[in-house]
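Reading through the structure tokens given below for one structure.
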Amino acid sequence: MADTDFDIQYVANLARIALTPDEEAKLGHQLGDILGYVKKLEELDVTGVEPMAHAVPLANVLRADEVRPSIPQEAALANAPKQANGLFIVPKIVE
Amino acid sequence: MLHELTLSGLTAKLAAKEVSSREAMQACLDRIDAVDGQVNAFMSIDRDDALGQADAADAALAKGNTHAAQPLLGVPISLKDLFCAKGQPANCSSKILGNFLSPYDGTVVRKLRDAGAVLFGRLNMDEFAMGSSTENSAFGRSNNPWDLERVPGGSSGGCAAAVAAQECFGSIGTDTGGSIRQPAALCGCVGLKPTYGRVSRFGVVAFASSLDQVGPLTKDVRDSATLLGAMSGHDPHDSTSVPADVPDYVAELGGDLKGIKLGLPREFLIDGIDPEVRAAFDAAVKQCEALGAEIHEVSMPHTEYGVATYYIVATAEASANLARFDGIRYGDRVDGDDPFSLYCNTRGRGFGEEVKRRIILGTYVLSSGYYDAYYLRAQKARTLIKRDFEQAFETVDALITPTVPAPAFKAGEKMDDPLQMYLSDIFTISCNLAGTCGISLPCGFTSEPKLPIGLQFLGKPFGESQLLQIAHAYEQATPWHTERASL
């Protein structure tokens with residue numbers, strides 16, 4: 001059962017993933033099938049059921065606000081695809 | 001032969017100075033040279049680093065350090081390719097990370113080092129832990145040591161294959177929906193998924209943060225107990241790790257199953273279980289009964305909704321977690337005219353098909369207009385699944401189930417049908433959703449070809465000690481864990 005609402009181009013764009021036309025066709029079809037399967041959850045009566053985000057809920061996990069060492073700048077930049085002057089280099093953002 | 005020892009067998013010999021850590025490490029490397037061309041469990045190995053760590057362990061042993069203080073002193077242990085170990089790659093079997101080298105040790109790596117382990121090798125996996133066969137690795141699949149035409153399971157398939165092929169004395173994987181237990185079952189080794197919060201996730205590349213847990217894959221239950229003890233405990237770097245005491249899991253092993261109540265969830269015994277798997281499972285239940293366990297049928301009415309719930313919750317979390325792979329700070333970049341096209345090109349080129357499929361699905365279920373229908377509903381279904389466990393654990397100590405409905409499948413068999421692949425996790429997924437602990441261990445073999453069959457016990461939250469006791473009692477009464485693949 002395919003989900004007719006599913007617009008693969010729109011969602012891939014939200015996810016910032018460029019797809020080839022072949023991938024669009026294949027993934028769109030497969031995701032339609034998967035969404036058809038997960039619609040099974042509509043059978044469930046969830047009235048009054050609290051949603052669950054974590055299995056072991058811990059509340060207000062805080063630590064002391066103190067200065068601690070972190071990795072040095074060179075180490076943080078070492079894996080960058082492009083870097084200069086201690087900065088990550090990205091394409092121009094503002095005109 | 002040295003590589004045939006269990007972890008505890010090796011530590012006994014190291015303690016008695018019958019072998020050195022360097023000899024043990026060299027035995028692993030020799031074994032890898034002999035068989036990994038067929039198994040393809042390892043993506044890379046830093047041999048000099050491994051032997052250097054082994055020499056350091058030998059120096060510590062010579063100085064009088066003991067296994068009582070450092071239970072893994074001198075023991076070669078291998079890692080799934082998603083753990084951060086300083087100066088080593090963590091590719092997650094993906095192209096997108098390029099030549100990434102970890103700038104720091106994650107907590108699990110640090111704890112294993114503190115316990116004396118010699119950490120080596122990057123084990124193959126499904127890309128970003130998304131898959132059940134290692135076929136989603138960008139670097140080619142691993143092969144099941146029992147039948148090289150078949151998959152080792154996944155996503156920690158390299159871990160399970162390396163243990164089954166006796167290329168290491170134990171390995172560390174992660175389990176989000178069965179990624180330790182399913183490959184352990186398919187390769188005939190022991191795989192333990194601890195309770196959510198038991199082991200720190202700091203320095204582990206995240207797939208689905210509310211489901212991921214780190215755990216061991218080993219040749220027997222005792223070895224899993226040893227590794228769990230070394231890795232467990234609260235970590236201030238992971239706010240979801242739980243500040244609970246860590247028992248001495250090894251010391252608490254032993255005993256029989258007298259008075260233990262095991263629950264048989266009726267909804268797990270569905271049509272479609274392979275007949276040989278079903279027969280081995282039924283025999284395992286009888287064996288537990290013979291060892292003194294009481295078997296109670298229990299109902300887990302929301303079991304059939306587990307896979308659907310999982311594929312919404314896990315993909316939603318993955319879509320957020322994997323947003324960090326954007327070509328800016330690390331990994332490979334595919335250029336674009338502006339940041340937007342740089343992101344799209346980098347991610348389009350760098351991620352494999354299954355990862356794209358899941359990120360897009362996760363983005364969709366969180367998107368405006370669909371959030372309530374999919375994500376919120378799945379979170380409520382998750383509550384119902386957790387309640388099934390809570391109710392079952394009111395009357396029983398642990399659940400007993402098959403780990404996987406069928407033995408290892410042939411490579412390529414499920415690659416064009418992701419939904420069928422997802423359904424192979426049907427018995428392991430609900431444990432992650434409920435956040436409790438589970439273990440898989442061998443309970444027999446199919447006849448032709450000879451393939452391992454896995455038995456799963458699911459325990460109460462933070463009940464790893466009892467879970468290990470139950471698994472150990474069964475294991476010690478059966479011959480299955482002593483069988484090795486012939487390579």
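Just so we're on the same page: first chain in the structure tokens is A, next is B, and so on; residues restart at 1 for each chain, and ligands are numbered from 1 in the order they show up.
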>> Neighbouring residues of Pro51 of chain A were defined as those with any atom within 9 Å, considering only C-alpha atoms; residues of the same chain fewer than 6 positions away were excluded. Please report them as a ChimeraX atom specification.
In response: /B:376-383
Using only C-alpha atoms, what table do you get, as a Markdown table, when you list each residue of chain A with an atom no more than 9 Å from segment 285-308 of chain B, its nearest pair of atoms, and their distance in Å rounded to one decimal, rows by chain then rising number?
| residue | atom | partner | partner_atom | distance |
| --- | --- | --- | --- | --- |
| A:Ile34 | CA | B:Ala308 | CA | 8.7 |
| A:Leu35 | CA | B:Ala308 | CA | 8.9 |
| A:Tyr37 | CA | B:Ala308 | CA | 7.0 |
| A:Val38 | CA | B:Ala308 | CA | 4.6 |
| A:Lys39 | CA | B:Ala308 | CA | 7.9 |
| A:Lys40 | CA | B:Ala308 | CA | 7.2 |
| A:Leu41 | CA | B:Tyr305 | CA | 6.6 |
| A:Leu44 | CA | B:Tyr305 | CA | 8.7 |
> Ala78 of chain A: which residues within 12 Å, counting only C-alpha atoms, same-chain residues fewer than 4 positions away excluded, as number ranges by chain?
Replying inline: A: 71-74, 82-84, 86-88; B: 87, 99-103, 329-331
What residues in chain A have any atom no more than 8 Å from chain B when counting only C-alpha atoms, and can you write them as a PDB file with N, CA and C atoms, in the first residue's frame?
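Done, and the output landed in part_6.pdb:
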ATOM      1  N   VAL A  11      10.700  16.051   0.805  1.00  0.00           N
ATOM      2  CA  VAL A  11      11.289  15.570   2.058  1.00  0.00           C
ATOM      3  C   VAL A  11      12.817  15.454   1.943  1.00  0.00           C
ATOM      4  N   ALA A  12      13.308  15.019   0.793  1.00  0.00           N
ATOM      5  CA  ALA A  12      14.767  14.926   0.604  1.00  0.00           C
ATOM      6  C   ALA A  12      15.390  16.314   0.720  1.00  0.00           C
ATOM      7  N   ASN A  13      14.678  17.313   0.249  1.00  0.00           N
ATOM      8  CA  ASN A  13      15.148  18.683   0.352  1.00  0.00           C
ATOM      9  C   ASN A  13      15.195  19.135   1.817  1.00  0.00           C
ATOM     10  N   LEU A  14      14.158  18.793   2.580  1.00  0.00           N
ATOM     11  CA  LEU A  14      14.170  19.112   4.021  1.00  0.00           C
ATOM     12  C   LEU A  14      15.361  18.443   4.710  1.00  0.00           C
ATOM     13  N   ALA A  15      15.684  17.225   4.257  1.00  0.00           N
ATOM     14  CA  ALA A  15      16.765  16.454   4.884  1.00  0.00           C
ATOM     15  C   ALA A  15      18.130  16.846   4.321  1.00  0.00           C
ATOM     16  N   ARG A  16      18.163  17.779   3.357  1.00  0.00           N
ATOM     17  CA  ARG A  16      19.420  18.237   2.742  1.00  0.00           C
ATOM     18  C   ARG A  16      20.179  17.066   2.133  1.00  0.00           C
ATOM     19  N   ILE A  17      19.462  16.296   1.321  1.00  0.00           N
ATOM     20  CA  ILE A  17      20.092  15.176   0.620  1.00  0.00           C
ATOM     21  C   ILE A  17      19.741  15.286  -0.863  1.00  0.00           C
ATOM     22  N   ALA A  18      20.767  15.431  -1.714  1.00  0.00           N
ATOM     23  CA  ALA A  18      20.542  15.447  -3.157  1.00  0.00           C
ATOM     24  C   ALA A  18      20.374  14.014  -3.643  1.00  0.00           C
ATOM     25  N   LEU A  19      19.290  13.736  -4.342  1.00  0.00           N
ATOM     26  CA  LEU A  19      19.048  12.398  -4.883  1.00  0.00           C
ATOM     27  C   LEU A  19      19.107  12.435  -6.403  1.00  0.00           C
ATOM     28  N   LEU A  27      13.674   5.027  -3.923  1.00  0.00           N
ATOM     29  CA  LEU A  27      13.416   5.315  -2.510  1.00  0.00           C
ATOM     30  C   LEU A  27      11.966   5.742  -2.298  1.00  0.00           C
ATOM     31  N   GLN A  30       9.914   2.593  -2.202  1.00  0.00           N
ATOM     32  CA  GLN A  30      10.151   1.794  -0.984  1.00  0.00           C
ATOM     33  C   GLN A  30       9.591   2.494   0.249  1.00  0.00           C
ATOM     34  N   LEU A  31       9.763   3.814   0.318  1.00  0.00           N
ATOM     35  CA  LEU A  31       9.262   4.536   1.484  1.00  0.00           C
ATOM     36  C   LEU A  31       7.742   4.509   1.514  1.00  0.00           C
ATOM     37  N   ASP A  33       5.951   1.965   0.600  1.00  0.00           N
ATOM     38  CA  ASP A  33       5.639   0.651   1.184  1.00  0.00           C
ATOM     39  C   ASP A  33       5.832   0.673   2.702  1.00  0.00           C
ATOM     40  N   ILE A  34       6.938   1.276   3.146  1.00  0.00           N
ATOM     41  CA  ILE A  34       7.239   1.283   4.584  1.00  0.00           C
ATOM     42  C   ILE A  34       6.184   2.100   5.332  1.00  0.00           C
ATOM     43  N   TYR A  37       3.196   0.149   5.799  1.00  0.00           N
ATOM     44  CA  TYR A  37       3.342  -0.812   6.902  1.00  0.00           C
ATOM     45  C   TYR A  37       3.170  -0.126   8.258  1.00  0.00           C
ATOM     46  N   VAL A  38       3.810   1.050   8.441  1.00  0.00           N
ATOM     47  CA  VAL A  38       3.749   1.663   9.772  1.00  0.00           C
ATOM     48  C   VAL A  38       2.353   2.234  10.073  1.00  0.00           C
ATOM     49  N   LYS A  39       1.514   2.342   9.060  1.00  0.00           N
ATOM     50  CA  LYS A  39       0.131   2.770   9.310  1.00  0.00           C
ATOM     51  C   LYS A  39      -0.614   1.783  10.210  1.00  0.00           C
ATOM     52  N   LYS A  40      -0.022   0.603  10.367  1.00  0.00           N
ATOM     53  CA  LYS A  40      -0.521  -0.391  11.309  1.00  0.00           C
ATOM     54  C   LYS A  40      -0.789   0.219  12.681  1.00  0.00           C
ATOM     55  N   LEU A  41      -0.018   1.228  13.049  1.00  0.00           N
ATOM     56  CA  LEU A  41      -0.180   1.845  14.376  1.00  0.00           C
ATOM     57  C   LEU A  41      -1.527   2.533  14.523  1.00  0.00           C
ATOM     58  N   LEU A  44      -4.114   0.994  16.829  1.00  0.00           N
ATOM     59  CA  LEU A  44      -3.987   1.065  18.287  1.00  0.00           C
ATOM     60  C   LEU A  44      -4.833   2.178  18.875  1.00  0.00           C
ATOM     61  N   VAL A  46      -4.752   4.786  21.441  1.00  0.00           N
ATOM     62  CA  VAL A  46      -3.739   5.427  22.291  1.00  0.00           C
ATOM     63  C   VAL A  46      -4.352   6.550  23.121  1.00  0.00           C
ATOM     64  N   VAL A  49      -2.875   7.737  26.547  1.00  0.00           N
ATOM     65  CA  VAL A  49      -1.539   7.154  26.758  1.00  0.00           C
ATOM     66  C   VAL A  49      -0.494   8.265  26.641  1.00  0.00           C
ATOM     67  N   GLU A  50       0.377   8.339  27.622  1.00  0.00           N
ATOM     68  CA  GLU A  50       1.457   9.344  27.599  1.00  0.00           C
ATOM     69  C   GLU A  50       2.522   8.935  26.574  1.00  0.00           C
ATOM     70  N   PRO A  51       3.017   9.879  25.778  1.00  0.00           N
ATOM     71  CA  PRO A  51       4.126   9.540  24.878  1.00  0.00           C
ATOM     72  C   PRO A  51       5.405   9.311  25.667  1.00  0.00           C
ATOM     73  N   MET A  52       6.283   8.471  25.138  1.00  0.00           N
ATOM     74  CA  MET A  52       7.509   8.106  25.845  1.00  0.00           C
ATOM     75  C   MET A  52       8.707   8.460  24.969  1.00  0.00           C
ATOM     76  N   ALA A  53       9.592   9.317  25.483  1.00  0.00           N
ATOM     77  CA  ALA A  53      10.769   9.720  24.721  1.00  0.00           C
ATOM     78  C   ALA A  53      11.995   8.925  25.142  1.00  0.00           C
ATOM     79  N   HIS A  54      12.015   8.484  26.399  1.00  0.00           N
ATOM     80  CA  HIS A  54      13.168   7.780  26.942  1.00  0.00           C
ATOM     81  C   HIS A  54      12.702   6.651  27.840  1.00  0.00           C
ATOM     82  N   ALA A  55      13.452   5.550  27.828  1.00  0.00           N
ATOM     83  CA  ALA A  55      13.073   4.404  28.649  1.00  0.00           C
ATOM     84  C   ALA A  55      13.349   4.656  30.118  1.00  0.00           C
ATOM     85  N   VAL A  56      14.427   5.365  30.405  1.00  0.00           N
ATOM     86  CA  VAL A  56      14.811   5.609  31.796  1.00  0.00           C
ATOM     87  C   VAL A  56      14.846   7.122  31.996  1.00  0.00           C
ATOM     88  N   LEU A  58      15.420  10.532  33.329  1.00  0.00           N
ATOM     89  CA  LEU A  58      16.178  11.169  34.401  1.00  0.00           C
ATOM     90  C   LEU A  58      15.837  12.658  34.312  1.00  0.00           C
ATOM     91  N   VAL A  61      19.249  16.617  35.017  1.00  0.00           N
ATOM     92  CA  VAL A  61      20.625  16.146  35.139  1.00  0.00           C
ATOM     93  C   VAL A  61      21.550  17.353  34.960  1.00  0.00           C
ATOM     94  N   ARG A  63      25.321  19.425  36.096  1.00  0.00           N
ATOM     95  CA  ARG A  63      26.659  19.275  36.656  1.00  0.00           C
ATOM     96  C   ARG A  63      27.096  20.637  37.187  1.00  0.00           C
ATOM     97  N   ILE A  71      39.178  19.788  24.000  1.00  0.00           N
ATOM     98  CA  ILE A  71      40.220  19.467  23.026  1.00  0.00           C
ATOM     99  C   ILE A  71      40.767  20.762  22.423  1.00  0.00           C
ATOM    100  N   ALA A  75      43.303  20.207  17.263  1.00  0.00           N
ATOM    101  CA  ALA A  75      42.673  18.887  17.208  1.00  0.00           C
ATOM    102  C   ALA A  75      41.248  19.009  16.666  1.00  0.00           C
ATOM    103  N   ALA A  76      40.542  20.065  17.074  1.00  0.00           N
ATOM    104  CA  ALA A  76      39.166  20.245  16.616  1.00  0.00           C
ATOM    105  C   ALA A  76      39.117  20.529  15.118  1.00  0.00           C
ATOM    106  N   LEU A  77      40.164  21.156  14.591  1.00  0.00           N
ATOM    107  CA  LEU A  77      40.197  21.506  13.167  1.00  0.00           C
ATOM    108  C   LEU A  77      40.837  20.424  12.303  1.00  0.00           C
ATOM    109  N   ASN A  79      40.238  17.487  11.393  1.00  0.00           N
ATOM    110  CA  ASN A  79      39.439  16.705  10.453  1.00  0.00           C
ATOM    111  C   ASN A  79      38.676  17.564   9.447  1.00  0.00           C
ATOM    112  N   ALA A  80      38.854  18.882   9.494  1.00  0.00           N
ATOM    113  CA  ALA A  80      38.056  19.761   8.631  1.00  0.00           C
ATOM    114  C   ALA A  80      38.424  19.582   7.168  1.00  0.00           C
ATOM    115  N   PRO A  81      37.415  19.533   6.273  1.00  0.00           N
ATOM    116  CA  PRO A  81      37.718  19.440   4.846  1.00  0.00           C
ATOM    117  C   PRO A  81      38.466  20.682   4.342  1.00  0.00           C
ATOM    118  N   LYS A  82      38.131  21.868   4.884  1.00  0.00           N
ATOM    119  CA  LYS A  82      38.847  23.096   4.531  1.00  0.00           C
ATOM    120  C   LYS A  82      38.970  23.950   5.778  1.00  0.00           C
ATOM    121  N   PHE A  88      36.900  27.140  10.172  1.00  0.00           N
ATOM    122  CA  PHE A  88      36.363  26.271   9.121  1.00  0.00           C
ATOM    123  C   PHE A  88      36.017  27.148   7.922  1.00  0.00           C
ATOM    124  N   ILE A  89      36.407  26.739   6.728  1.00  0.00           N
ATOM    125  CA  ILE A  89      36.097  27.525   5.533  1.00  0.00           C
ATOM    126  C   ILE A  89      34.833  26.954   4.873  1.00  0.00           C
ATOM    127  N   VAL A  90      33.860  27.835   4.608  1.00  0.00           N
ATOM    128  CA  VAL A  90      32.603  27.431   3.970  1.00  0.00           C
ATOM    129  C   VAL A  90      32.345  28.353   2.780  1.00  0.00           C
ATOM    130  N   PRO A  91      31.446  27.958   1.863  1.00  0.00           N
ATOM    131  CA  PRO A  91      31.114  28.864   0.757  1.00  0.00           C
ATOM    132  C   PRO A  91      30.522  30.165   1.297  1.00  0.00           C
ATOM    133  N   LYS A  92      30.585  31.190   0.480  1.00  0.00           N
ATOM    134  CA  LYS A  92      30.089  32.509   0.859  1.00  0.00           C
ATOM    135  C   LYS A  92      28.611  32.445   1.262  1.00  0.00           C
ATOM    136  N   ILE A  93      28.302  33.046   2.409  1.00  0.00           N
ATOM    137  CA  ILE A  93      26.934  32.995   2.922  1.00  0.00           C
ATOM    138  C   ILE A  93      26.183  34.287   2.623  1.00  0.00           C
TER     139      ILE A  93
END
>> Give me, as a list in words, all polymer residues having an atom no more than 10 Å from Gln26 of chain B, counting only C-alpha atoms and skipping those fewer than 4 positions away in the same chain.
In response: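 Result of the neighbour search: Leu2, His3, Ser20, Ser21, Arg22, Asp30, Arg31, Ile32, Arg47, Ala50, Leu51, Ala54 and Pro76 of chain B.
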> Nearest to Leu253 of chain B: which of B:Ser232, B:Ser171, B:Ser224, B:Thr478 is it, counting only C-alpha atoms?
Replying inline: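 So, comparing all the options, the nearest one is B:Ser224.
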>> So that I can check the surroundings of Gly106 of chain B, please list as a PyMOL selection string every protein, DNA and RNA residue that reaches within 12 Å of it, counting only C-alpha atoms and ignoring chain neighbours fewer than 4 positions away.
In response: chain B and resi 79+82-88+90+102+110-113+199-205+214+231+235+237-238
>> For a test of reading the model, state the distance in Å between atom CA of Leu5 of chain B and atom CA of Asp220 of chain B, rounded to one decimal.
In response: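 Separation between atom CA of Leu5 of chain B and atom CA of Asp220 of chain B: 10.7 Å.
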>> For the alpha helix (DSSP H) assignment from backbone DSSP, which residues of segment 125-255 of chain B qualify? Please present them as a ChimeraX atom specification.
In response: /B:157-164,181-187,221-231
> Can you tell me, as a ChimeraX atom specification, what residues are no more than 7 Å from segment 154-166 of chain B when counting only C-alpha atoms, ignoring any on the same chain fewer than 4 positions away?
Replying inline: /B:3-4,39,41-42,80,123-126,129-134,142,144-145,170-174,179-180,182-184,187-189,217-219,484-485
If you run DSSP over the backbone, which residues in chain A end up strand (DSSP E)? Put them as a PDB file with N, CA and C atoms, in the first residue's frame.
ATOM      1  N   GLN A  83      40.180  24.450   6.042  1.00  0.00           N
ATOM      2  CA  GLN A  83      40.364  25.312   7.205  1.00  0.00           C
ATOM      3  C   GLN A  83      41.491  26.291   6.927  1.00  0.00           C
ATOM      4  N   ALA A  84      41.428  27.427   7.588  1.00  0.00           N
ATOM      5  CA  ALA A  84      42.504  28.424   7.499  1.00  0.00           C
ATOM      6  C   ALA A  84      42.374  29.362   8.682  1.00  0.00           C
ATOM      7  N   LEU A  87      39.964  28.642  11.422  1.00  0.00           N
ATOM      8  CA  LEU A  87      38.526  28.684  11.113  1.00  0.00           C
ATOM      9  C   LEU A  87      38.162  27.584  10.117  1.00  0.00           C
ATOM     10  N   PHE A  88      36.900  27.140  10.172  1.00  0.00           N
ATOM     11  CA  PHE A  88      36.363  26.271   9.121  1.00  0.00           C
ATOM     12  C   PHE A  88      36.017  27.148   7.922  1.00  0.00           C
TER      13      PHE A  88
END
Neighbouring residues of Pro479 of chain B were defined as those with any atom within 10 Å, considering only C-alpha atoms; residues of the same chain fewer than 6 positions away were excluded. Please report them as a PDB file with all heavy atoms, in the first residue's frame.
ATOM      1  N   PRO B 442      24.000 -19.261  21.857  1.00  0.00           N
ATOM      2  CA  PRO B 442      23.665 -20.359  20.949  1.00  0.00           C
ATOM      3  C   PRO B 442      22.802 -21.420  21.637  1.00  0.00           C
ATOM      4  O   PRO B 442      23.001 -21.732  22.808  1.00  0.00           O
ATOM      5  CB  PRO B 442      25.031 -20.952  20.575  1.00  0.00           C
ATOM      6  CG  PRO B 442      26.067 -19.999  21.055  1.00  0.00           C
ATOM      7  CD  PRO B 442      25.456 -19.170  22.124  1.00  0.00           C
ATOM      8  N   CYS B 443      21.818 -21.965  20.890  1.00  0.00           N
ATOM      9  CA  CYS B 443      20.979 -23.037  21.452  1.00  0.00           C
ATOM     10  C   CYS B 443      20.803 -24.175  20.458  1.00  0.00           C
ATOM     11  O   CYS B 443      19.853 -24.942  20.560  1.00  0.00           O
ATOM     12  CB  CYS B 443      19.631 -22.489  21.898  1.00  0.00           C
ATOM     13  SG  CYS B 443      18.536 -22.021  20.560  1.00  0.00           S
ATOM     14  N   GLY B 444      21.719 -24.268  19.495  1.00  0.00           N
ATOM     15  CA  GLY B 444      21.624 -25.378  18.554  1.00  0.00           C
ATOM     16  C   GLY B 444      22.041 -24.951  17.161  1.00  0.00           C
ATOM     17  O   GLY B 444      22.514 -23.825  16.962  1.00  0.00           O
TER      18      GLY B 444
END
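Relative to atom CA of Asp33 of chain B, atom CA of Trp146 of chain B is found at 18.1 Å.
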> When you draw a straight line from atom CA of Ile270 of chain B to atom CA of Ile470 of chain B, how long is it in Å?
Replying inline: 24.3 Å
